[in-house]
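> Pasting my_file.pdb below, which is PDB, C-alpha atoms.
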MODEL        1
ATOM      1  CA  MET A   1       9.817 -28.957  58.028
ATOM      2  CA  PRO A   2       8.939 -32.648  57.615
ATOM      3  CA  ARG A   3      10.577 -34.330  54.667
ATOM      4  CA  GLN A   4       7.193 -35.309  53.124
ATOM      5  CA  LEU A   5       5.978 -31.720  53.213
ATOM      6  CA  ARG A   6       9.229 -30.504  51.662
ATOM      7  CA  HIS A   7       8.734 -32.998  48.826
ATOM      8  CA  ARG A   8       5.170 -31.823  48.287
ATOM      9  CA  ILE A   9       6.255 -28.202  48.110
ATOM     10  CA  ALA A  10       9.062 -29.080  45.716
ATOM     11  CA  LEU A  11       6.671 -31.029  43.486
ATOM     12  CA  ALA A  12       4.094 -28.253  43.555
ATOM     13  CA  THR A  13       6.782 -25.740  42.605
ATOM     14  CA  LEU A  14       7.954 -27.951  39.768
ATOM     15  CA  PHE A  15       4.410 -28.337  38.433
ATOM     16  CA  ALA A  16       3.836 -24.607  38.675
ATOM     17  CA  VAL A  17       7.024 -23.928  36.710
ATOM     18  CA  LEU A  18       6.179 -26.538  34.087
ATOM     19  CA  LEU A  19       2.587 -25.338  33.761
ATOM     20  CA  GLY A  20       3.756 -21.769  33.605
ATOM     21  CA  THR A  21       6.174 -22.598  30.800
ATOM     22  CA  ALA A  22       3.576 -24.541  28.854
ATOM     23  CA  ALA A  23       1.004 -21.803  29.218
ATOM     24  CA  ALA A  24       3.324 -18.873  28.532
ATOM     25  CA  ALA A  25       1.809 -16.537  25.989
ATOM     26  CA  LYS A  26       3.850 -16.101  22.823
ATOM     27  CA  VAL A  27       4.525 -13.166  20.571
ATOM     28  CA  ILE A  28       3.802 -14.105  16.975
ATOM     29  CA  ARG A  29       5.565 -11.737  14.625
ATOM     30  CA  ILE A  30       4.341 -10.894  11.138
ATOM     31  CA  GLU A  31       6.751  -9.030   8.883
ATOM     32  CA  ILE A  32       5.394  -6.499   6.410
ATOM     33  CA  ASP A  33       7.725  -6.384   3.472
ATOM     34  CA  ARG A  34       7.170  -5.267  -0.122
ATOM     35  CA  ILE A  35       3.456  -4.737   0.346
ATOM     36  CA  ALA A  36       2.684  -8.151   1.841
ATOM     37  CA  PHE A  37       2.085  -9.747   5.248
ATOM     38  CA  ALA A  38       4.525 -12.612   5.893
ATOM     39  CA  PRO A  39       3.448 -15.094   6.943
ATOM     40  CA  ALA A  40      -0.005 -14.216   5.667
ATOM     41  CA  ASP A  41      -1.616 -17.030   7.633
ATOM     42  CA  VAL A  42      -0.748 -17.597  11.325
ATOM     43  CA  THR A  43      -2.151 -19.687  14.174
ATOM     44  CA  ALA A  44      -2.201 -18.351  17.742
ATOM     45  CA  GLU A  45      -3.591 -19.322  21.123
ATOM     46  CA  ILE A  46      -5.749 -17.126  23.330
ATOM     47  CA  GLY A  47      -3.459 -14.782  25.251
ATOM     48  CA  ASP A  48      -0.787 -14.684  22.542
ATOM     49  CA  THR A  49       0.270 -11.358  21.110
ATOM     50  CA  ILE A  50       0.272 -10.758  17.358
ATOM     51  CA  GLU A  51       2.908  -8.231  16.374
ATOM     52  CA  TRP A  52       3.290  -6.636  12.956
ATOM     53  CA  ALA A  53       6.605  -5.048  11.945
ATOM     54  CA  ASN A  54       6.360  -2.657   9.003
ATOM     55  CA  ASN A  55       9.627  -2.849   7.038
ATOM     56  CA  ASP A  56       8.199  -0.882   4.093
ATOM     57  CA  PHE A  57       8.704   2.826   3.360
ATOM     58  CA  VAL A  58       4.942   3.437   3.249
ATOM     59  CA  ASP A  59       2.434   3.280   6.113
ATOM     60  CA  HIS A  60       0.089   0.319   6.443
ATOM     61  CA  THR A  61      -2.796  -0.848   8.602
ATOM     62  CA  ALA A  62      -3.833  -4.225   9.971
ATOM     63  CA  THR A  63      -7.613  -3.976   9.931
ATOM     64  CA  ALA A  64      -9.861  -6.838  11.051
ATOM     65  CA  ARG A  65     -12.755  -7.431   8.660
ATOM     66  CA  SER A  66     -14.891  -8.096  11.765
ATOM     67  CA  GLY A  67     -14.225  -4.542  12.955
ATOM     68  CA  ASP A  68     -12.557  -5.830  16.152
ATOM     69  CA  TRP A  69      -9.381  -3.809  15.614
ATOM     70  CA  ASP A  70      -7.835  -1.343  13.196
ATOM     71  CA  LEU A  71      -4.131  -0.761  13.775
ATOM     72  CA  GLU A  72      -2.184   1.917  11.937
ATOM     73  CA  ILE A  73       1.412   0.815  11.403
ATOM     74  CA  PRO A  74       3.623   3.677  10.186
ATOM     75  CA  ALA A  75       6.671   2.907   8.042
ATOM     76  CA  GLY A  76       9.365   1.366  10.234
ATOM     77  CA  ALA A  77       7.035   0.881  13.223
ATOM     78  CA  THR A  78       5.420  -2.083  14.970
ATOM     79  CA  ALA A  79       1.913  -2.611  16.310
ATOM     80  CA  GLN A  80       0.388  -5.338  18.451
ATOM     81  CA  VAL A  81      -2.931  -6.891  19.299
ATOM     82  CA  GLU A  82      -3.739  -9.642  21.798
ATOM     83  CA  ALA A  83      -5.619 -12.734  20.661
ATOM     84  CA  ASP A  84      -8.494 -12.663  23.130
ATOM     85  CA  ARG A  85     -10.956 -15.185  21.743
ATOM     86  CA  ALA A  86     -10.959 -18.301  19.614
ATOM     87  CA  GLY A  87     -11.892 -18.123  15.968
ATOM     88  CA  SER A  88     -10.674 -17.185  12.541
ATOM     89  CA  LEU A  89      -9.989 -13.528  11.806
ATOM     90  CA  GLU A  90      -9.335 -12.136   8.359
ATOM     91  CA  TYR A  91      -7.623  -8.785   8.087
ATOM     92  CA  PHE A  92      -6.310  -6.423   5.415
ATOM     93  CA  CYS A  93      -4.537  -3.088   4.919
ATOM     94  CA  ARG A  94      -7.009  -0.223   4.487
ATOM     95  CA  PHE A  95      -4.475   1.740   2.431
ATOM     96  CA  HIS A  96      -3.610  -1.208   0.166
ATOM     97  CA  PRO A  97      -6.530  -3.660   0.196
ATOM     98  CA  ASN A  98      -4.524  -6.107  -1.932
ATOM     99  CA  MET A  99      -2.618  -6.907   1.308
ATOM    100  CA  GLN A 100      -4.525  -9.593   3.196
ATOM    101  CA  GLY A 101      -3.898 -12.007   6.058
ATOM    102  CA  LYS A 102      -5.597 -14.444   8.383
ATOM    103  CA  ILE A 103      -5.183 -15.309  12.082
ATOM    104  CA  THR A 104      -6.607 -18.512  13.508
ATOM    105  CA  VAL A 105      -6.934 -18.318  17.294
ATOM    106  CA  GLU A 106      -7.261 -21.565  19.231
ATOM    107  CA  ALA A 107      -8.216 -22.149  22.866
ATOM    108  CA  ARG A 108      -5.213 -22.597  25.119
TER     109      ARG A 108
ATOM    110  CA  MET B   1     -17.012   9.933 -21.185
ATOM    111  CA  LEU B   2     -14.345  12.482 -20.375
ATOM    112  CA  THR B   3     -12.755   9.977 -18.041
ATOM    113  CA  SER B   4     -12.649   7.488 -20.887
ATOM    114  CA  ARG B   5     -11.068  10.107 -23.109
ATOM    115  CA  LEU B   6      -8.442  10.828 -20.469
ATOM    116  CA  THR B   7      -7.694   7.158 -20.071
ATOM    117  CA  ALA B   8      -7.409   6.804 -23.817
ATOM    118  CA  ALA B   9      -5.185   9.884 -24.028
ATOM    119  CA  ILE B  10      -2.811   8.658 -21.350
ATOM    120  CA  PHE B  11      -2.838   5.157 -22.710
ATOM    121  CA  ILE B  12      -1.978   6.424 -26.180
ATOM    122  CA  ALA B  13       0.741   8.648 -24.754
ATOM    123  CA  VAL B  14       2.252   5.775 -22.825
ATOM    124  CA  SER B  15       1.850   3.245 -25.600
ATOM    125  CA  SER B  16       3.072   5.404 -28.451
ATOM    126  CA  ALA B  17       6.022   6.695 -26.480
ATOM    127  CA  GLY B  18       6.859   3.120 -25.590
ATOM    128  CA  LEU B  19       6.808   2.222 -29.257
ATOM    129  CA  ALA B  20       8.708   5.390 -30.178
ATOM    130  CA  LEU B  21      11.409   4.278 -27.768
ATOM    131  CA  ALA B  22      11.578   0.963 -29.619
ATOM    132  CA  ALA B  23      10.236  -0.719 -26.483
ATOM    133  CA  GLU B  24      13.507   0.178 -24.805
ATOM    134  CA  PRO B  25      13.105   3.312 -22.700
ATOM    135  CA  THR B  26      16.301   4.030 -20.812
ATOM    136  CA  ASP B  27      16.557   4.071 -17.020
ATOM    137  CA  PRO B  28      16.736   7.909 -16.928
ATOM    138  CA  GLN B  29      13.554   8.056 -19.025
ATOM    139  CA  ILE B  30      11.820   5.391 -16.923
ATOM    140  CA  ALA B  31      12.710   7.267 -13.732
ATOM    141  CA  HIS B  32      11.270  10.476 -15.224
ATOM    142  CA  ILE B  33       8.033   8.777 -16.295
ATOM    143  CA  ALA B  34       7.526   7.124 -12.887
ATOM    144  CA  TYR B  35       8.258  10.343 -11.000
ATOM    145  CA  THR B  36       5.937  12.334 -13.281
ATOM    146  CA  ALA B  37       3.138   9.808 -12.818
ATOM    147  CA  GLY B  38       3.498  10.096  -9.041
ATOM    148  CA  SER B  39       3.569  13.888  -9.113
ATOM    149  CA  ILE B  40       0.362  13.960 -11.164
ATOM    150  CA  ASP B  41      -1.488  11.940  -8.544
ATOM    151  CA  ILE B  42      -0.096  14.139  -5.761
ATOM    152  CA  GLU B  43      -1.525  17.201  -7.542
ATOM    153  CA  ALA B  44      -4.881  15.455  -7.978
ATOM    154  CA  ALA B  45      -4.895  14.614  -4.254
ATOM    155  CA  LYS B  46      -4.159  18.238  -3.335
ATOM    156  CA  LEU B  47      -7.090  19.346  -5.489
ATOM    157  CA  ALA B  48      -9.348  16.802  -3.755
ATOM    158  CA  LEU B  49      -8.231  18.045  -0.349
ATOM    159  CA  GLU B  50      -9.123  21.599  -1.388
ATOM    160  CA  LYS B  51     -12.495  20.759  -2.852
ATOM    161  CA  SER B  52     -14.009  17.707  -1.178
ATOM    162  CA  LYS B  53     -16.028  17.626   2.029
ATOM    163  CA  ASN B  54     -16.568  13.868   1.884
ATOM    164  CA  ALA B  55     -14.612  12.174   4.716
ATOM    165  CA  ASP B  56     -13.850   9.049   2.652
ATOM    166  CA  VAL B  57     -12.630  11.085  -0.324
ATOM    167  CA  VAL B  58     -10.465  13.247   1.941
ATOM    168  CA  ALA B  59      -9.002  10.155   3.638
ATOM    169  CA  PHE B  60      -8.261   8.573   0.255
ATOM    170  CA  ALA B  61      -6.623  11.771  -1.019
ATOM    171  CA  ASN B  62      -4.445  11.924   2.104
ATOM    172  CA  ASP B  63      -3.411   8.301   1.483
ATOM    173  CA  MET B  64      -2.469   9.136  -2.131
ATOM    174  CA  LEU B  65      -0.532  12.216  -1.085
ATOM    175  CA  ARG B  66       1.436  10.316   1.579
ATOM    176  CA  ASP B  67       2.180   7.194  -0.489
ATOM    177  CA  HIS B  68       3.087   8.863  -3.781
ATOM    178  CA  GLN B  69       5.307  11.340  -1.958
ATOM    179  CA  ALA B  70       7.041   8.428  -0.187
ATOM    180  CA  VAL B  71       7.586   6.577  -3.488
ATOM    181  CA  ASN B  72       8.867   9.711  -5.213
ATOM    182  CA  ASP B  73      11.223  10.410  -2.282
ATOM    183  CA  GLN B  74      12.606   6.879  -2.673
ATOM    184  CA  ALA B  75      12.958   7.394  -6.424
ATOM    185  CA  LEU B  76      14.832  10.676  -5.947
ATOM    186  CA  ALA B  77      17.155   9.104  -3.383
ATOM    187  CA  LEU B  78      17.822   6.200  -5.762
ATOM    188  CA  VAL B  79      18.628   8.290  -8.849
ATOM    189  CA  GLU B  80      20.923  10.419  -6.707
ATOM    190  CA  LYS B  81      22.671   7.317  -5.392
ATOM    191  CA  LEU B  82      23.008   5.901  -8.914
ATOM    192  CA  GLY B  83      24.132   9.218 -10.376
ATOM    193  CA  VAL B  84      21.259   9.114 -12.866
ATOM    194  CA  THR B  85      19.616  12.302 -14.162
ATOM    195  CA  PRO B  86      15.935  11.687 -15.000
ATOM    196  CA  GLU B  87      15.336  12.524 -18.657
ATOM    197  CA  ASP B  88      12.148  14.139 -19.955
ATOM    198  CA  ASN B  89      10.522  12.264 -22.835
ATOM    199  CA  ASP B  90       7.345  11.997 -24.910
ATOM    200  CA  THR B  91       5.617   9.683 -22.432
ATOM    201  CA  SER B  92       6.217  12.084 -19.527
ATOM    202  CA  LYS B  93       5.043  14.995 -21.689
ATOM    203  CA  GLY B  94       1.923  13.100 -22.737
ATOM    204  CA  LEU B  95       1.101  12.216 -19.132
ATOM    205  CA  ALA B  96       1.592  15.815 -17.970
ATOM    206  CA  ALA B  97      -0.530  17.266 -20.786
ATOM    207  CA  ALA B  98      -3.404  14.827 -20.164
ATOM    208  CA  ALA B  99      -3.201  15.512 -16.425
ATOM    209  CA  GLU B 100      -3.468  19.279 -16.928
ATOM    210  CA  LYS B 101      -6.680  18.817 -18.908
ATOM    211  CA  GLU B 102      -8.129  16.461 -16.321
ATOM    212  CA  LYS B 103      -7.200  18.794 -13.484
ATOM    213  CA  ALA B 104      -9.017  21.658 -15.213
ATOM    214  CA  ARG B 105     -12.082  19.476 -15.719
ATOM    215  CA  LEU B 106     -12.121  18.372 -12.072
ATOM    216  CA  ALA B 107     -11.536  21.930 -10.826
ATOM    217  CA  ALA B 108     -14.764  23.030 -12.519
ATOM    218  CA  LEU B 109     -16.812  20.447 -10.588
ATOM    219  CA  ASP B 110     -18.134  20.678  -7.033
ATOM    220  CA  GLY B 111     -19.721  18.531  -4.326
ATOM    221  CA  GLU B 112     -20.766  15.001  -5.225
ATOM    222  CA  ALA B 113     -20.003  15.570  -8.906
ATOM    223  CA  PHE B 114     -16.394  16.332  -8.014
ATOM    224  CA  ASP B 115     -16.117  13.394  -5.606
ATOM    225  CA  GLU B 116     -17.449  10.910  -8.155
ATOM    226  CA  ALA B 117     -15.283  12.278 -10.977
ATOM    227  CA  TYR B 118     -12.156  12.279  -8.793
ATOM    228  CA  ALA B 119     -12.733   8.691  -7.646
ATOM    229  CA  ALA B 120     -13.480   7.488 -11.186
ATOM    230  CA  ASN B 121     -10.352   9.187 -12.489
ATOM    231  CA  GLU B 122      -8.241   7.633  -9.722
ATOM    232  CA  VAL B 123      -9.443   4.182 -10.806
ATOM    233  CA  ALA B 124      -8.712   4.869 -14.485
ATOM    234  CA  TYR B 125      -5.417   6.636 -13.837
ATOM    235  CA  HIS B 126      -4.006   3.910 -11.601
ATOM    236  CA  GLN B 127      -5.139   1.256 -14.085
ATOM    237  CA  THR B 128      -3.282   3.059 -16.871
ATOM    238  CA  VAL B 129      -0.124   3.687 -14.874
ATOM    239  CA  ASN B 130      -0.121   0.112 -13.527
ATOM    240  CA  ASP B 131      -0.424  -1.263 -17.062
ATOM    241  CA  ALA B 132       2.475   0.940 -18.173
ATOM    242  CA  LEU B 133       4.603  -0.190 -15.219
ATOM    243  CA  ASP B 134       3.798  -3.837 -15.823
ATOM    244  CA  THR B 135       4.268  -3.946 -19.590
ATOM    245  CA  ILE B 136       6.761  -1.176 -20.400
ATOM    246  CA  LEU B 137       8.607   0.345 -17.465
ATOM    247  CA  ILE B 138       9.501  -2.654 -15.266
ATOM    248  CA  PRO B 139      10.492  -4.978 -18.148
ATOM    249  CA  ASN B 140      12.785  -2.292 -19.595
ATOM    250  CA  ALA B 141      14.442  -1.132 -16.368
ATOM    251  CA  SER B 142      18.015  -2.358 -16.484
ATOM    252  CA  ASN B 143      19.234  -1.325 -13.023
ATOM    253  CA  ALA B 144      18.195  -3.934 -10.431
ATOM    254  CA  GLU B 145      17.433  -1.366  -7.716
ATOM    255  CA  LEU B 146      15.293   0.707 -10.070
ATOM    256  CA  LYS B 147      13.457  -2.425 -11.187
ATOM    257  CA  SER B 148      12.893  -3.403  -7.544
ATOM    258  CA  LEU B 149      11.530   0.038  -6.616
ATOM    259  CA  LEU B 150       9.210   0.030  -9.635
ATOM    260  CA  THR B 151       7.996  -3.468  -8.715
ATOM    261  CA  THR B 152       7.235  -2.381  -5.145
ATOM    262  CA  GLY B 153       5.615   0.763  -6.567
ATOM    263  CA  LEU B 154       3.380  -1.365  -8.781
ATOM    264  CA  LYS B 155       2.150  -3.346  -5.744
ATOM    265  CA  ILE B 156       1.449  -0.096  -3.875
ATOM    266  CA  PHE B 157      -0.432   1.358  -6.854
ATOM    267  CA  GLN B 158      -2.399  -1.854  -7.394
ATOM    268  CA  GLY B 159      -3.525  -1.384  -3.789
ATOM    269  CA  HIS B 160      -4.499   2.209  -4.629
ATOM    270  CA  GLN B 161      -6.486   1.040  -7.625
ATOM    271  CA  GLU B 162      -8.431  -1.428  -5.492
ATOM    272  CA  HIS B 163      -8.939   1.229  -2.811
ATOM    273  CA  ALA B 164     -10.155   3.688  -5.480
ATOM    274  CA  GLU B 165     -12.565   1.085  -6.876
ATOM    275  CA  HIS B 166     -14.095   0.632  -3.405
ATOM    276  CA  LEU B 167     -14.328   4.398  -2.976
ATOM    277  CA  ALA B 168     -15.941   4.899  -6.406
ATOM    278  CA  ALA B 169     -18.456   2.113  -5.717
ATOM    279  CA  SER B 170     -19.372   3.639  -2.343
ATOM    280  CA  LEU B 171     -20.072   7.031  -3.952
ATOM    281  CA  ASN B 172     -22.438   5.715  -6.629
TER     282      ASN B 172
ENDMDL
END
If you convert what's in this file into structure tokens, what do you get?


Amino acid sequence: MPRQLRHRIALATLFAVLLGTAAAAKVIRIEIDRIAFAPADVTAEIGDTIEWANNDFVDHTATARSGDWDLEIPAGATAQVEADRAGSLEYFCRFHPNMQGKITVEAR
Amino acid sequence: MLTSRLTAAIFIAVSSAGLALAAEPTDPQIAHIAYTAGSIDIEAAKLALEKSKNADVVAFANDMLRDHQAVNDQALALVEKLGVTPEDNDTSKGLAAAAEKEKARLAALDGEAFDEAYAANEVAYHQTVNDALDTILIPNASNAELKSLLTTGLKIFQGHQEHAEHLAASLN
């Protein structure tokens, strides 16, 4: 293989790796502890996963006010949703409406 | 009006017992009061599950049953761990007596009348219990773990109160 072509392939591979790293979707974890979402306000990018971990001894939900999703999160369990479009989403717990949070999703 | 009377009765029971205990109920008494308050709401939820055909009321009652049972299970595990024997007292007796009367009143109602009365009572009852937790029970709990459980319980029950307010508003 000519040296120039080898260089091109190497560069293309490097770019692909770098781009892949930069664009890798993240998991953003929200702890539920003592009847509160923490952090209550998170920022994500499209493609990221939001994960709630319920550390309480009672069941909770993460319910989008928009109606987009309604996740039941039993005591000790986790639940996830993927951020699939940009915007600001407010959510709450249906069982304990005093628990509230917000997710801001930005374009990647 | 009956709901108001119940609220007044429980409030008087809680307040007067608090005063009778010189504003210093002991941990065994506090544990008994908190457990009794939870058991009363579990019984109310069971009645609602027997009588109501409204999906929202049934869902709410299931939430109350599950949460109050979970809190009471935690309370039982804690008193066992601490070697504390819950002690019956005037506040617990007042709560239980008022609850018996309210249960009899609710049991005589059916359909929408039951649903509305149950929801209204859940609002009033949680308000009363939350006030008692906030002003009497939590400040007087001396054991840190008991105080912590009561504080978490208060947040759970404040959520119930808000949930009950939404339910009551949706039924009117």

> Taking 5 positions as the minimum chain separation for residues in the same chain, which residues sit within 7 Å of B:Ser92 when counting only C-alpha atoms? Answer as a ChimeraX atom specification.

/B:32-33,36

> Taking the file as shown, what set of residues would the PyMOL selection byres ((chain A) within 6 of (chain B)) give back, as a list in words?

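Checked against the file, the PyMOL selection byres ((chain A) within 6 of (chain B)) matches Arg34, Val58, His96, Pro97 and Asn98 of chain A.
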
> Could you write out the selected residues, including C-alpha atoms, as a compact mmCIF listing (two decimals), in the frame of the given file?


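To be explicit, this is the file written out as out-v1.txt:
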# COMPACT_ATOMS: atom_id res chain seq x y z
CA ARG A 34 7.17 -5.27 -0.12
CA VAL A 58 4.94 3.44 3.25
CA HIS A 96 -3.61 -1.21 0.17
CA PRO A 97 -6.53 -3.66 0.20
CA ASN A 98 -4.52 -6.11 -1.93

> Once the PyMOL selection byres ((chain B and resi 141-146) around 12) has been applied to the shown file, what residues remain in the selection, as a PyMOL selection string?

chain B and resi 23-35+71+74-84+133-140+147-153

> Identify the residues around (-9.5, -14.2, 5.1) within a radius of 10 Å, measuring from only C-alpha atoms in the coordinates stated by the file, and give them as a PDB file with C-alpha atoms, keeping the file's coordinate frame.


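What ended up in out.pdb:
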ATOM      1  CA  ALA A  40      -0.005 -14.216   5.667  1.00  0.00           C
ATOM      2  CA  ASP A  41      -1.616 -17.030   7.633  1.00  0.00           C
ATOM      3  CA  ALA A  64      -9.861  -6.838  11.051  1.00  0.00           C
ATOM      4  CA  ARG A  65     -12.755  -7.431   8.660  1.00  0.00           C
ATOM      5  CA  SER A  88     -10.674 -17.185  12.541  1.00  0.00           C
ATOM      6  CA  LEU A  89      -9.989 -13.528  11.806  1.00  0.00           C
ATOM      7  CA  GLU A  90      -9.335 -12.136   8.359  1.00  0.00           C
ATOM      8  CA  TYR A  91      -7.623  -8.785   8.087  1.00  0.00           C
ATOM      9  CA  PHE A  92      -6.310  -6.423   5.415  1.00  0.00           C
ATOM     10  CA  GLN A 100      -4.525  -9.593   3.196  1.00  0.00           C
ATOM     11  CA  GLY A 101      -3.898 -12.007   6.058  1.00  0.00           C
ATOM     12  CA  LYS A 102      -5.597 -14.444   8.383  1.00  0.00           C
ATOM     13  CA  ILE A 103      -5.183 -15.309  12.082  1.00  0.00           C
ATOM     14  CA  THR A 104      -6.607 -18.512  13.508  1.00  0.00           C
TER      15      THR A 104
END

> Run the PyMOL selection byres ((chain A and resi 49-52) around 10) against the file shown and list the residues it catches, as a VMD selection string.

chain A and resid 25 to 32 37 to 38 42 to 48 53 to 55 61 to 62 71 73 77 to 84 103

> Report the distance between atom CA of A:Asp33 and atom CA of A:Phe95 in Å, rounded to one decimal place.

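Separation of atom CA of A:Asp33 and atom CA of A:Phe95: 14.7 Å.
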
> What's the separation between atom CA of A:Asp70 and atom CA of A:Gly87, in Å to one decimal place?

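Spanning atom CA of A:Asp70 to atom CA of A:Gly87 is a straight-line distance of 17.5 Å.
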
> For a test of reading the model, state the distance in Å between atom CA of B:His126 and atom CA of B:Val57, rounded to one decimal.

15.9 Å

> Atoms are missing here; could stretch 57-73 of chain B be completed with N, CA and C atoms and written as a short mmCIF file (atom, residue, chain, number, x, y, z; two decimals), keeping the file's coordinate frame?


data_model
loop_
_atom_site.label_atom_id
_atom_site.label_comp_id
_atom_site.auth_asym_id
_atom_site.auth_seq_id
_atom_site.Cartn_x
_atom_site.Cartn_y
_atom_site.Cartn_z
N VAL B 57 -13.43 10.53 0.78
CA VAL B 57 -12.63 11.08 -0.32
C VAL B 57 -11.40 11.79 0.24
N VAL B 58 -11.58 12.54 1.31
CA VAL B 58 -10.46 13.25 1.94
C VAL B 58 -9.43 12.25 2.47
N ALA B 59 -9.92 11.17 3.11
CA ALA B 59 -9.00 10.15 3.64
C ALA B 59 -8.23 9.50 2.50
N PHE B 60 -8.93 9.19 1.41
CA PHE B 60 -8.26 8.57 0.26
C PHE B 60 -7.20 9.53 -0.32
N ALA B 61 -7.57 10.79 -0.46
CA ALA B 61 -6.62 11.77 -1.02
C ALA B 61 -5.38 11.89 -0.12
N ASN B 62 -5.59 11.88 1.18
CA ASN B 62 -4.44 11.92 2.10
C ASN B 62 -3.55 10.69 1.93
N ASP B 63 -4.19 9.53 1.72
CA ASP B 63 -3.41 8.30 1.48
C ASP B 63 -2.57 8.43 0.21
N MET B 64 -3.19 8.99 -0.86
CA MET B 64 -2.47 9.14 -2.13
C MET B 64 -1.30 10.11 -1.97
N LEU B 65 -1.57 11.20 -1.28
CA LEU B 65 -0.53 12.22 -1.08
C LEU B 65 0.66 11.60 -0.35
N ARG B 66 0.38 10.88 0.72
CA ARG B 66 1.44 10.32 1.58
C ARG B 66 2.23 9.23 0.83
N ASP B 67 1.50 8.31 0.17
CA ASP B 67 2.18 7.19 -0.49
C ASP B 67 2.98 7.64 -1.71
N HIS B 68 2.37 8.46 -2.56
CA HIS B 68 3.09 8.86 -3.78
C HIS B 68 4.29 9.74 -3.44
N GLN B 69 4.15 10.54 -2.38
CA GLN B 69 5.31 11.34 -1.96
C GLN B 69 6.42 10.41 -1.46
N ALA B 70 6.04 9.38 -0.71
CA ALA B 70 7.04 8.43 -0.19
C ALA B 70 7.75 7.70 -1.33
N VAL B 71 6.98 7.28 -2.35
CA VAL B 71 7.59 6.58 -3.49
C VAL B 71 8.50 7.53 -4.25
N ASN B 72 8.03 8.75 -4.48
CA ASN B 72 8.87 9.71 -5.21
C ASN B 72 10.13 10.08 -4.43
N ASP B 73 10.02 10.15 -3.10
CA ASP B 73 11.22 10.41 -2.28
C ASP B 73 12.24 9.27 -2.45
#
